[in-house]
$ cat start_21.cif   # mmCIF, N, CA and C atoms, pLDDT in the B column; chains and numbers go by the auth columns
data_model
loop_
_atom_site.group_PDB
_atom_site.id
_atom_site.type_symbol
_atom_site.label_atom_id
_atom_site.label_comp_id
_atom_site.label_asym_id
_atom_site.label_seq_id
_atom_site.Cartn_x
_atom_site.Cartn_y
_atom_site.Cartn_z
_atom_site.B_iso_or_equiv
_atom_site.auth_seq_id
_atom_site.auth_asym_id
ATOM 1 N N MET A 1 16.276 9.200 3.600 93.00 1 Y
ATOM 2 C CA MET A 1 15.168 8.336 3.901 93.00 1 Y
ATOM 3 C C MET A 1 14.282 8.260 2.673 93.00 1 Y
ATOM 4 N N ARG A 2 13.577 7.157 2.544 95.00 2 Y
ATOM 5 C CA ARG A 2 12.640 6.967 1.427 95.00 2 Y
ATOM 6 C C ARG A 2 11.230 7.122 1.958 95.00 2 Y
ATOM 7 N N LEU A 3 10.480 8.023 1.324 95.00 3 Y
ATOM 8 C CA LEU A 3 9.086 8.281 1.675 95.00 3 Y
ATOM 9 C C LEU A 3 8.221 7.703 0.563 95.00 3 Y
ATOM 10 N N GLU A 4 7.254 6.864 0.927 96.00 4 Y
ATOM 11 C CA GLU A 4 6.343 6.291 -0.054 96.00 4 Y
ATOM 12 C C GLU A 4 4.911 6.509 0.399 96.00 4 Y
ATOM 13 N N LEU A 5 4.070 6.904 -0.540 94.00 5 Y
ATOM 14 C CA LEU A 5 2.646 7.102 -0.274 94.00 5 Y
ATOM 15 C C LEU A 5 1.847 6.266 -1.261 94.00 5 Y
ATOM 16 N N TYR A 6 0.766 5.683 -0.769 95.00 6 Y
ATOM 17 C CA TYR A 6 -0.153 4.920 -1.596 95.00 6 Y
ATOM 18 C C TYR A 6 -1.556 5.429 -1.311 95.00 6 Y
ATOM 19 N N CYS A 7 -2.367 5.594 -2.348 93.00 7 Y
ATOM 20 C CA CYS A 7 -3.743 6.056 -2.147 93.00 7 Y
ATOM 21 C C CYS A 7 -4.603 5.626 -3.330 93.00 7 Y
ATOM 22 N N ILE A 8 -5.872 5.907 -3.220 92.00 8 Y
ATOM 23 C CA ILE A 8 -6.815 5.666 -4.312 92.00 8 Y
ATOM 24 C C ILE A 8 -7.312 7.017 -4.802 92.00 8 Y
ATOM 25 N N ALA A 9 -7.188 7.256 -6.095 89.00 9 Y
ATOM 26 C CA ALA A 9 -7.716 8.475 -6.720 89.00 9 Y
ATOM 27 C C ALA A 9 -9.199 8.246 -6.984 89.00 9 Y
ATOM 28 N N ASP A 10 -10.048 8.979 -6.285 88.00 10 Y
ATOM 29 C CA ASP A 10 -11.491 8.783 -6.370 88.00 10 Y
ATOM 30 C C ASP A 10 -12.085 9.705 -7.425 88.00 10 Y
ATOM 31 N N GLY A 11 -12.292 9.179 -8.611 86.00 11 Y
ATOM 32 C CA GLY A 11 -12.867 9.952 -9.707 86.00 11 Y
ATOM 33 C C GLY A 11 -14.367 9.817 -9.805 86.00 11 Y
ATOM 34 N N TYR A 12 -15.005 9.329 -8.730 88.00 12 Y
ATOM 35 C CA TYR A 12 -16.460 9.183 -8.723 88.00 12 Y
ATOM 36 C C TYR A 12 -17.115 10.349 -7.996 88.00 12 Y
ATOM 37 N N GLN A 13 -16.542 11.511 -8.078 84.00 13 Y
ATOM 38 C CA GLN A 13 -17.087 12.712 -7.451 84.00 13 Y
ATOM 39 C C GLN A 13 -17.578 13.655 -8.548 84.00 13 Y
ATOM 40 N N SER A 14 -18.027 14.843 -8.163 84.00 14 Y
ATOM 41 C CA SER A 14 -18.512 15.809 -9.162 84.00 14 Y
ATOM 42 C C SER A 14 -17.365 16.564 -9.817 84.00 14 Y
ATOM 43 N N ALA A 15 -16.146 16.447 -9.250 83.00 15 Y
ATOM 44 C CA ALA A 15 -14.970 17.097 -9.827 83.00 15 Y
ATOM 45 C C ALA A 15 -13.774 16.174 -9.637 83.00 15 Y
ATOM 46 N N ARG A 16 -12.729 16.439 -10.395 84.00 16 Y
ATOM 47 C CA ARG A 16 -11.535 15.604 -10.314 84.00 16 Y
ATOM 48 C C ARG A 16 -10.332 16.456 -9.966 84.00 16 Y
ATOM 49 N N GLY A 17 -9.398 15.910 -9.231 84.00 17 Y
ATOM 50 C CA GLY A 17 -8.201 16.633 -8.831 84.00 17 Y
ATOM 51 C C GLY A 17 -7.194 16.745 -9.959 84.00 17 Y
ATOM 52 N N VAL A 18 -6.522 17.888 -10.014 83.00 18 Y
ATOM 53 C CA VAL A 18 -5.481 18.145 -11.005 83.00 18 Y
ATOM 54 C C VAL A 18 -4.219 18.523 -10.228 83.00 18 Y
ATOM 55 N N GLY A 19 -3.177 17.715 -10.322 83.00 19 Y
ATOM 56 C CA GLY A 19 -2.000 17.928 -9.496 83.00 19 Y
ATOM 57 C C GLY A 19 -0.788 18.520 -10.182 83.00 19 Y
ATOM 58 N N THR A 20 -0.869 18.817 -11.462 83.00 20 Y
ATOM 59 C CA THR A 20 0.328 19.278 -12.167 83.00 20 Y
ATOM 60 C C THR A 20 0.786 20.658 -11.724 83.00 20 Y
ATOM 61 N N ARG A 21 -0.143 21.566 -11.444 82.00 21 Y
ATOM 62 C CA ARG A 21 0.243 22.932 -11.047 82.00 21 Y
ATOM 63 C C ARG A 21 0.170 23.156 -9.541 82.00 21 Y
ATOM 64 N N HIS A 22 -0.436 22.245 -8.813 84.00 22 Y
ATOM 65 C CA HIS A 22 -0.607 22.396 -7.368 84.00 22 Y
ATOM 66 C C HIS A 22 -0.243 21.083 -6.675 84.00 22 Y
ATOM 67 N N PRO A 23 1.036 20.849 -6.434 89.00 23 Y
ATOM 68 C CA PRO A 23 1.438 19.572 -5.833 89.00 23 Y
ATOM 69 C C PRO A 23 1.019 19.478 -4.373 89.00 23 Y
ATOM 70 N N LEU A 24 0.878 18.240 -3.902 90.00 24 Y
ATOM 71 C CA LEU A 24 0.743 18.019 -2.471 90.00 24 Y
ATOM 72 C C LEU A 24 2.111 18.265 -1.850 90.00 24 Y
ATOM 73 N N LYS A 25 2.137 19.031 -0.779 92.00 25 Y
ATOM 74 C CA LYS A 25 3.392 19.350 -0.097 92.00 25 Y
ATOM 75 C C LYS A 25 3.462 18.512 1.171 92.00 25 Y
ATOM 76 N N ILE A 26 4.492 17.702 1.264 95.00 26 Y
ATOM 77 C CA ILE A 26 4.634 16.750 2.360 95.00 26 Y
ATOM 78 C C ILE A 26 5.825 17.171 3.212 95.00 26 Y
ATOM 79 N N ALA A 27 5.612 17.260 4.522 94.00 27 Y
ATOM 80 C CA ALA A 27 6.679 17.646 5.447 94.00 27 Y
ATOM 81 C C ALA A 27 6.941 16.508 6.430 94.00 27 Y
ATOM 82 N N VAL A 28 8.204 16.224 6.664 95.00 28 Y
ATOM 83 C CA VAL A 28 8.639 15.238 7.648 95.00 28 Y
ATOM 84 C C VAL A 28 9.100 16.024 8.872 95.00 28 Y
ATOM 85 N N LEU A 29 8.547 15.693 10.046 94.00 29 Y
ATOM 86 C CA LEU A 29 8.820 16.475 11.250 94.00 29 Y
ATOM 87 C C LEU A 29 9.456 15.661 12.367 94.00 29 Y
ATOM 88 N N ALA A 30 10.296 16.346 13.115 94.00 30 Y
ATOM 89 C CA ALA A 30 10.839 15.835 14.376 94.00 30 Y
ATOM 90 C C ALA A 30 10.408 16.862 15.411 94.00 30 Y
ATOM 91 N N GLY A 31 9.332 16.545 16.134 94.00 31 Y
ATOM 92 C CA GLY A 31 8.727 17.556 17.008 94.00 31 Y
ATOM 93 C C GLY A 31 8.104 18.637 16.144 94.00 31 Y
ATOM 94 N N GLU A 32 8.480 19.886 16.379 93.00 32 Y
ATOM 95 C CA GLU A 32 7.980 21.010 15.585 93.00 32 Y
ATOM 96 C C GLU A 32 8.915 21.374 14.432 93.00 32 Y
ATOM 97 N N LYS A 33 10.063 20.705 14.332 93.00 33 Y
ATOM 98 C CA LYS A 33 11.065 21.035 13.322 93.00 33 Y
ATOM 99 C C LYS A 33 10.843 20.241 12.048 93.00 33 Y
ATOM 100 N N VAL A 34 10.772 20.932 10.913 93.00 34 Y
ATOM 101 C CA VAL A 34 10.680 20.279 9.607 93.00 34 Y
ATOM 102 C C VAL A 34 12.089 19.831 9.224 93.00 34 Y
ATOM 103 N N VAL A 35 12.259 18.523 9.059 94.00 35 Y
ATOM 104 C CA VAL A 35 13.582 17.989 8.738 94.00 35 Y
ATOM 105 C C VAL A 35 13.702 17.553 7.281 94.00 35 Y
ATOM 106 N N GLY A 36 12.592 17.533 6.551 94.00 36 Y
ATOM 107 C CA GLY A 36 12.616 17.182 5.142 94.00 36 Y
ATOM 108 C C GLY A 36 11.277 17.473 4.491 94.00 36 Y
ATOM 109 N N THR A 37 11.298 17.702 3.193 94.00 37 Y
ATOM 110 C CA THR A 37 10.064 17.976 2.455 94.00 37 Y
ATOM 111 C C THR A 37 10.092 17.270 1.098 94.00 37 Y
ATOM 112 N N ALA A 38 8.903 17.082 0.552 95.00 38 Y
ATOM 113 C CA ALA A 38 8.747 16.540 -0.797 95.00 38 Y
ATOM 114 C C ALA A 38 7.485 17.141 -1.395 95.00 38 Y
ATOM 115 N N ASN A 39 7.477 17.308 -2.705 94.00 39 Y
ATOM 116 C CA ASN A 39 6.304 17.796 -3.438 94.00 39 Y
ATOM 117 C C ASN A 39 5.857 16.713 -4.412 94.00 39 Y
ATOM 118 N N TRP A 40 4.566 16.382 -4.369 93.00 40 Y
ATOM 119 C CA TRP A 40 4.013 15.368 -5.262 93.00 40 Y
ATOM 120 C C TRP A 40 3.099 16.036 -6.278 93.00 40 Y
ATOM 121 N N HIS A 41 3.566 16.106 -7.508 91.00 41 Y
ATOM 122 C CA HIS A 41 2.752 16.577 -8.633 91.00 41 Y
ATOM 123 C C HIS A 41 1.993 15.362 -9.158 91.00 41 Y
ATOM 124 N N PHE A 42 0.910 15.015 -8.459 89.00 42 Y
ATOM 125 C CA PHE A 42 0.183 13.783 -8.791 89.00 42 Y
ATOM 126 C C PHE A 42 -0.488 13.892 -10.155 89.00 42 Y
ATOM 127 N N PRO A 43 -0.671 12.752 -10.829 88.00 43 Y
ATOM 128 C CA PRO A 43 -1.348 12.777 -12.133 88.00 43 Y
ATOM 129 C C PRO A 43 -2.820 13.134 -11.967 88.00 43 Y
ATOM 130 N N ASP A 44 -3.412 13.626 -13.024 86.00 44 Y
ATOM 131 C CA ASP A 44 -4.835 13.970 -12.987 86.00 44 Y
ATOM 132 C C ASP A 44 -5.671 12.758 -12.601 86.00 44 Y
ATOM 133 N N VAL A 45 -6.665 13.004 -11.771 88.00 45 Y
ATOM 134 C CA VAL A 45 -7.624 11.970 -11.411 88.00 45 Y
ATOM 135 C C VAL A 45 -8.580 11.799 -12.587 88.00 45 Y
ATOM 136 N N ILE A 46 -8.849 10.573 -12.965 87.00 46 Y
ATOM 137 C CA ILE A 46 -9.696 10.296 -14.125 87.00 46 Y
ATOM 138 C C ILE A 46 -11.143 10.153 -13.668 87.00 46 Y
ATOM 139 N N CYS A 47 -12.044 10.907 -14.280 90.00 47 Y
ATOM 140 C CA CYS A 47 -13.465 10.831 -13.938 90.00 47 Y
ATOM 141 C C CYS A 47 -13.982 9.410 -14.189 90.00 47 Y
ATOM 142 N N GLY A 48 -14.797 8.923 -13.261 90.00 48 Y
ATOM 143 C CA GLY A 48 -15.406 7.607 -13.406 90.00 48 Y
ATOM 144 C C GLY A 48 -14.470 6.449 -13.088 90.00 48 Y
ATOM 145 N N HIS A 49 -13.335 6.739 -12.462 89.00 49 Y
ATOM 146 C CA HIS A 49 -12.372 5.697 -12.096 89.00 49 Y
ATOM 147 C C HIS A 49 -12.034 5.807 -10.612 89.00 49 Y
ATOM 148 N N ALA A 50 -11.614 4.715 -10.042 91.00 50 Y
ATOM 149 C CA ALA A 50 -11.005 4.692 -8.708 91.00 50 Y
ATOM 150 C C ALA A 50 -9.680 3.959 -8.889 91.00 50 Y
ATOM 151 N N ASP A 51 -8.630 4.713 -9.144 91.00 51 Y
ATOM 152 C CA ASP A 51 -7.339 4.140 -9.505 91.00 51 Y
ATOM 153 C C ASP A 51 -6.314 4.285 -8.385 91.00 51 Y
ATOM 154 N N PRO A 52 -5.459 3.270 -8.206 95.00 52 Y
ATOM 155 C CA PRO A 52 -4.391 3.405 -7.217 95.00 52 Y
ATOM 156 C C PRO A 52 -3.351 4.418 -7.692 95.00 52 Y
ATOM 157 N N MET A 53 -2.787 5.137 -6.737 94.00 53 Y
ATOM 158 C CA MET A 53 -1.689 6.069 -7.024 94.00 53 Y
ATOM 159 C C MET A 53 -0.548 5.757 -6.067 94.00 53 Y
ATOM 160 N N HIS A 54 0.652 6.060 -6.515 95.00 54 Y
ATOM 161 C CA HIS A 54 1.852 5.786 -5.728 95.00 54 Y
ATOM 162 C C HIS A 54 2.822 6.951 -5.895 95.00 54 Y
ATOM 163 N N PHE A 55 3.478 7.318 -4.810 96.00 55 Y
ATOM 164 C CA PHE A 55 4.494 8.366 -4.831 96.00 55 Y
ATOM 165 C C PHE A 55 5.669 7.898 -3.991 96.00 55 Y
ATOM 166 N N ALA A 56 6.871 8.135 -4.476 97.00 56 Y
ATOM 167 C CA ALA A 56 8.081 7.813 -3.714 97.00 56 Y
ATOM 168 C C ALA A 56 9.084 8.936 -3.910 97.00 56 Y
ATOM 169 N N ALA A 57 9.766 9.294 -2.836 97.00 57 Y
ATOM 170 C CA ALA A 57 10.806 10.323 -2.897 97.00 57 Y
ATOM 171 C C ALA A 57 11.895 9.987 -1.886 97.00 57 Y
ATOM 172 N N ASP A 58 13.122 10.221 -2.276 96.00 58 Y
ATOM 173 C CA ASP A 58 14.242 10.099 -1.354 96.00 58 Y
ATOM 174 C C ASP A 58 14.508 11.472 -0.767 96.00 58 Y
ATOM 175 N N ILE A 59 14.522 11.550 0.553 94.00 59 Y
ATOM 176 C CA ILE A 59 14.706 12.818 1.258 94.00 59 Y
ATOM 177 C C ILE A 59 16.009 12.746 2.041 94.00 59 Y
ATOM 178 N N GLY A 60 16.909 13.662 1.748 91.00 60 Y
ATOM 179 C CA GLY A 60 18.171 13.722 2.479 91.00 60 Y
ATOM 180 C C GLY A 60 17.948 14.334 3.854 91.00 60 Y
ATOM 181 N N LEU A 61 18.454 13.677 4.882 89.00 61 Y
ATOM 182 C CA LEU A 61 18.309 14.166 6.252 89.00 61 Y
ATOM 183 C C LEU A 61 19.683 14.418 6.858 89.00 61 Y
ATOM 184 N N ASP A 62 19.773 15.424 7.706 82.00 62 Y
ATOM 185 C CA ASP A 62 20.993 15.646 8.468 82.00 62 Y
ATOM 186 C C ASP A 62 21.208 14.473 9.418 82.00 62 Y
ATOM 187 N N ASP A 63 22.458 14.199 9.733 82.00 63 Y
ATOM 188 C CA ASP A 63 22.791 13.096 10.636 82.00 63 Y
ATOM 189 C C ASP A 63 22.008 13.205 11.942 82.00 63 Y
ATOM 190 N N GLY A 64 21.488 12.097 12.393 86.00 64 Y
ATOM 191 C CA GLY A 64 20.824 12.039 13.684 86.00 64 Y
ATOM 192 C C GLY A 64 19.344 12.368 13.685 86.00 64 Y
ATOM 193 N N PHE A 65 18.793 12.875 12.580 87.00 65 Y
ATOM 194 C CA PHE A 65 17.383 13.257 12.575 87.00 65 Y
ATOM 195 C C PHE A 65 16.438 12.082 12.357 87.00 65 Y
ATOM 196 N N PHE A 66 16.883 11.030 11.681 90.00 66 Y
ATOM 197 C CA PHE A 66 15.967 9.937 11.364 90.00 66 Y
ATOM 198 C C PHE A 66 15.320 9.352 12.620 90.00 66 Y
ATOM 199 N N SER A 67 16.097 9.149 13.657 91.00 67 Y
ATOM 200 C CA SER A 67 15.556 8.555 14.879 91.00 67 Y
ATOM 201 C C SER A 67 14.613 9.495 15.622 91.00 67 Y
ATOM 202 N N LYS A 68 14.606 10.781 15.263 94.00 68 Y
ATOM 203 C CA LYS A 68 13.759 11.764 15.936 94.00 68 Y
ATOM 204 C C LYS A 68 12.456 12.051 15.193 94.00 68 Y
ATOM 205 N N ILE A 69 12.300 11.504 13.986 95.00 69 Y
ATOM 206 C CA ILE A 69 11.085 11.752 13.206 95.00 69 Y
ATOM 207 C C ILE A 69 9.884 11.175 13.948 95.00 69 Y
ATOM 208 N N ASP A 70 8.845 12.007 14.122 95.00 70 Y
ATOM 209 C CA ASP A 70 7.658 11.536 14.820 95.00 70 Y
ATOM 210 C C ASP A 70 6.364 11.791 14.060 95.00 70 Y
ATOM 211 N N SER A 71 6.429 12.477 12.923 95.00 71 Y
ATOM 212 C CA SER A 71 5.203 12.680 12.148 95.00 71 Y
ATOM 213 C C SER A 71 5.524 13.118 10.727 95.00 71 Y
ATOM 214 N N ILE A 72 4.546 12.901 9.875 95.00 72 Y
ATOM 215 C CA ILE A 72 4.590 13.368 8.491 95.00 72 Y
ATOM 216 C C ILE A 72 3.253 14.031 8.240 95.00 72 Y
ATOM 217 N N GLU A 73 3.273 15.228 7.654 95.00 73 Y
ATOM 218 C CA GLU A 73 2.012 15.934 7.441 95.00 73 Y
ATOM 219 C C GLU A 73 1.932 16.513 6.045 95.00 73 Y
ATOM 220 N N LEU A 74 0.700 16.677 5.589 90.00 74 Y
ATOM 221 C CA LEU A 74 0.453 17.413 4.355 90.00 74 Y
ATOM 222 C C LEU A 74 0.398 18.883 4.720 90.00 74 Y
ATOM 223 N N SER A 75 1.280 19.660 4.141 83.00 75 Y
ATOM 224 C CA SER A 75 1.317 21.089 4.430 83.00 75 Y
ATOM 225 C C SER A 75 0.223 21.810 3.661 83.00 75 Y
ATOM 226 N N ARG A 76 -0.103 23.017 4.131 81.00 76 Y
ATOM 227 C CA ARG A 76 -1.117 23.823 3.456 81.00 76 Y
ATOM 228 C C ARG A 76 -0.687 24.087 2.012 81.00 76 Y
ATOM 229 N N THR A 77 -1.616 23.897 1.107 79.00 77 Y
ATOM 230 C CA THR A 77 -1.334 24.133 -0.298 79.00 77 Y
ATOM 231 C C THR A 77 -2.615 24.563 -0.993 79.00 77 Y
ATOM 232 N N SER A 78 -2.488 25.114 -2.154 81.00 78 Y
ATOM 233 C CA SER A 78 -3.671 25.435 -2.952 81.00 78 Y
ATOM 234 C C SER A 78 -3.998 24.204 -3.788 81.00 78 Y
ATOM 235 N N GLY A 79 -5.130 24.218 -4.445 81.00 79 Y
ATOM 236 C CA GLY A 79 -5.529 23.072 -5.234 81.00 79 Y
ATOM 237 C C GLY A 79 -6.291 23.493 -6.475 81.00 79 Y
ATOM 238 N N GLU A 80 -6.541 22.536 -7.306 81.00 80 Y
ATOM 239 C CA GLU A 80 -7.287 22.794 -8.534 81.00 80 Y
ATOM 240 C C GLU A 80 -8.103 21.559 -8.868 81.00 80 Y
ATOM 241 N N SER A 81 -9.287 21.799 -9.344 83.00 81 Y
ATOM 242 C CA SER A 81 -10.121 20.679 -9.796 83.00 81 Y
ATOM 243 C C SER A 81 -10.803 21.079 -11.095 83.00 81 Y
ATOM 244 N N GLU A 82 -11.257 20.078 -11.805 85.00 82 Y
ATOM 245 C CA GLU A 82 -11.998 20.291 -13.054 85.00 82 Y
ATOM 246 C C GLU A 82 -13.272 19.459 -12.964 85.00 82 Y
ATOM 247 N N PRO A 83 -14.363 19.962 -13.505 87.00 83 Y
ATOM 248 C CA PRO A 83 -15.614 19.209 -13.432 87.00 83 Y
ATOM 249 C C PRO A 83 -15.558 17.927 -14.269 87.00 83 Y
ATOM 250 N N CYS A 84 -16.238 16.912 -13.786 84.00 84 Y
ATOM 251 C CA CYS A 84 -16.417 15.694 -14.560 84.00 84 Y
ATOM 252 C C CYS A 84 -17.665 15.898 -15.414 84.00 84 Y
ATOM 253 N N SER A 85 -17.566 15.563 -16.673 74.00 85 Y
ATOM 254 C CA SER A 85 -18.727 15.770 -17.546 74.00 85 Y
ATOM 255 C C SER A 85 -19.293 14.458 -18.019 74.00 85 Y
#
$ encode --input "start_21.cif" --output "structure tokens"
Amino acid sequence: MRLELYCIADGYQSARGVGTRHPLKIAVLAGEKVVGTANWHFPDVICGHADPMHFAADIGLDDGFFSKIDSIELSRTSGESEPCS
């Protein structure tokens, strides 16, 4: 299956996100069962910008799971930010 995410990187805050060492962890679920995962090492958010971001990943699924997928969630992860100066 192909997973695509679109968002806006909001660099108008007091800090900016840094995704190289702490990726967003995305889980594809069928009920309580995780049937696929992806990690997004997003590019650094630029201070003073609101830029679109895009992520795409192909996730291999066992036969029969695609029709059972009912949710996608961001799994618990650590994060990192740097101050905007």
$ residues_around --input "start_21.cif" --residues "Leu61 of chain Y" --least-positions-apart "3" --cutoff "10 Å" --atoms "only C-alpha atoms" --output "MDAnalysis selection string"
chainID Y and resid 1 28 35:37 58 64:66
$ atom_distance --input "start_21.cif" --atom1 "atom CA of Ser75 of chain Y" --atom2 "atom CA of Ala30 of chain Y"
14.7 Å
$ axis_aligned_box --input "start_21.cif" --around "segment 55-72 of chain Y" --padding-each-side "3 Å" --output "JSON"
{"center_x": 13.0, "center_y": 11.5, "center_z": 5.6, "size_x": 25.5, "size_y": 14.3, "size_z": 26.8}
$ closest_residue --input "start_21.cif" --among "Y:Thr20, Y:Ser81, Y:Glu32, Y:Ile8" --to "His54 of chain Y" --atoms "all atoms listed in the file"
Y:Ile8
$ closest_residue --input "start_21.cif" --among "Y:Leu5, Y:Ala15, Y:Asp62, Y:Ala27" --to "Ser85 of chain Y" --atoms "all atoms listed in the file"
Y:Ala15
$ atom_distance --input "start_21.cif" --atom1 "atom CA of Phe42 of chain Y" --atom2 "atom CA of Arg76 of chain Y"
15.9 Å
$ atom_distance --input "start_21.cif" --atom1 "atom N of Gly17 of chain Y" --atom2 "atom C of Ser71 of chain Y"
25.1 Å
$ select_by_dssp --input "start_21.cif" --residues "chain Y" --states "strand (DSSP E)" --output "number ranges by chain"
Y: 2-10, 15-17, 24-30, 33-40, 50-58, 71-74, 81-83
$ resolve_selection --input "start_21.cif" --expression "the PyMOL selection byres ((chain Y and resi 40) around 6)" --output "compact mmCIF listing (two decimals) with N, CA and C atoms, keeping the file's coordinate frame"
# COMPACT_ATOMS: atom_id res chain seq x y z
N PRO Y 23 1.04 20.85 -6.43
CA PRO Y 23 1.44 19.57 -5.83
C PRO Y 23 1.02 19.48 -4.37
N LEU Y 24 0.88 18.24 -3.90
CA LEU Y 24 0.74 18.02 -2.47
C LEU Y 24 2.11 18.26 -1.85
N LYS Y 25 2.14 19.03 -0.78
CA LYS Y 25 3.39 19.35 -0.10
C LYS Y 25 3.46 18.51 1.17
N ILE Y 26 4.49 17.70 1.26
CA ILE Y 26 4.63 16.75 2.36
C ILE Y 26 5.82 17.17 3.21
N ALA Y 38 8.90 17.08 0.55
CA ALA Y 38 8.75 16.54 -0.80
C ALA Y 38 7.48 17.14 -1.40
N ASN Y 39 7.48 17.31 -2.70
CA ASN Y 39 6.30 17.80 -3.44
C ASN Y 39 5.86 16.71 -4.41
N HIS Y 41 3.57 16.11 -7.51
CA HIS Y 41 2.75 16.58 -8.63
C HIS Y 41 1.99 15.36 -9.16
N PHE Y 42 0.91 15.02 -8.46
CA PHE Y 42 0.18 13.78 -8.79
C PHE Y 42 -0.49 13.89 -10.15
$ closest_residue --input "start_21.cif" --among "Y:Arg21, Y:Cys7, Y:Ser14, Y:Val34" --to "Pro83 of chain Y" --atoms "all atoms listed in the file"
Y:Ser14
$ resolve_selection --input "start_21.cif" --expression "the PyMOL selection byres ((chain Y and resi 2) around 7)" --output "CSV table (one decimal) with N, CA and C atoms, in the frame of the given file"
chain,number,residue,atom,x,y,z
Y,1,MET,N,16.3,9.2,3.6
Y,1,MET,CA,15.2,8.3,3.9
Y,1,MET,C,14.3,8.3,2.7
Y,3,LEU,N,10.5,8.0,1.3
Y,3,LEU,CA,9.1,8.3,1.7
Y,3,LEU,C,8.2,7.7,0.6
Y,4,GLU,N,7.3,6.9,0.9
Y,4,GLU,CA,6.3,6.3,-0.1
Y,4,GLU,C,4.9,6.5,0.4
Y,56,ALA,N,6.9,8.1,-4.5
Y,56,ALA,CA,8.1,7.8,-3.7
Y,56,ALA,C,9.1,8.9,-3.9
Y,57,ALA,N,9.8,9.3,-2.8
Y,57,ALA,CA,10.8,10.3,-2.9
Y,57,ALA,C,11.9,10.0,-1.9
Y,58,ASP,N,13.1,10.2,-2.3
Y,58,ASP,CA,14.2,10.1,-1.4
Y,58,ASP,C,14.5,11.5,-0.8
Y,59,ILE,N,14.5,11.6,0.6
Y,59,ILE,CA,14.7,12.8,1.3
Y,59,ILE,C,16.0,12.7,2.0
$ residues_near_point --input "start_21.cif" --point "(-10.0, 12.1, -6.2)" --cutoff "8 Å" --atoms "only N, CA and C atoms" --output "list of chain:residue names"
Y:Ile8, Y:Ala9, Y:Asp10, Y:Gly11, Y:Tyr12, Y:Gln13, Y:Ala15, Y:Arg16, Y:Gly17, Y:Val18, Y:Asp44, Y:Val45, Y:Ile46, Y:His49, Y:Ala50
$ residues_around --input "start_21.cif" --residues "Gly31 of chain Y" --least-positions-apart "3" --cutoff "8 Å" --atoms "only C-alpha atoms" --output "mmCIF file with N, CA and C atoms, in the frame of the given file"
data_model
loop_
_atom_site.group_PDB
_atom_site.id
_atom_site.type_symbol
_atom_site.label_atom_id
_atom_site.label_comp_id
_atom_site.auth_asym_id
_atom_site.auth_seq_id
_atom_site.Cartn_x
_atom_site.Cartn_y
_atom_site.Cartn_z
ATOM 1 N N LYS Y 68 14.606 10.781 15.263
ATOM 2 C CA LYS Y 68 13.759 11.764 15.936
ATOM 3 C C LYS Y 68 12.456 12.051 15.193
ATOM 4 N N ILE Y 69 12.300 11.504 13.986
ATOM 5 C CA ILE Y 69 11.085 11.752 13.206
ATOM 6 C C ILE Y 69 9.884 11.175 13.948
ATOM 7 N N ASP Y 70 8.845 12.007 14.122
ATOM 8 C CA ASP Y 70 7.658 11.536 14.820
ATOM 9 C C ASP Y 70 6.364 11.791 14.060
ATOM 10 N N SER Y 71 6.429 12.477 12.923
ATOM 11 C CA SER Y 71 5.203 12.680 12.148
ATOM 12 C C SER Y 71 5.524 13.118 10.727
#
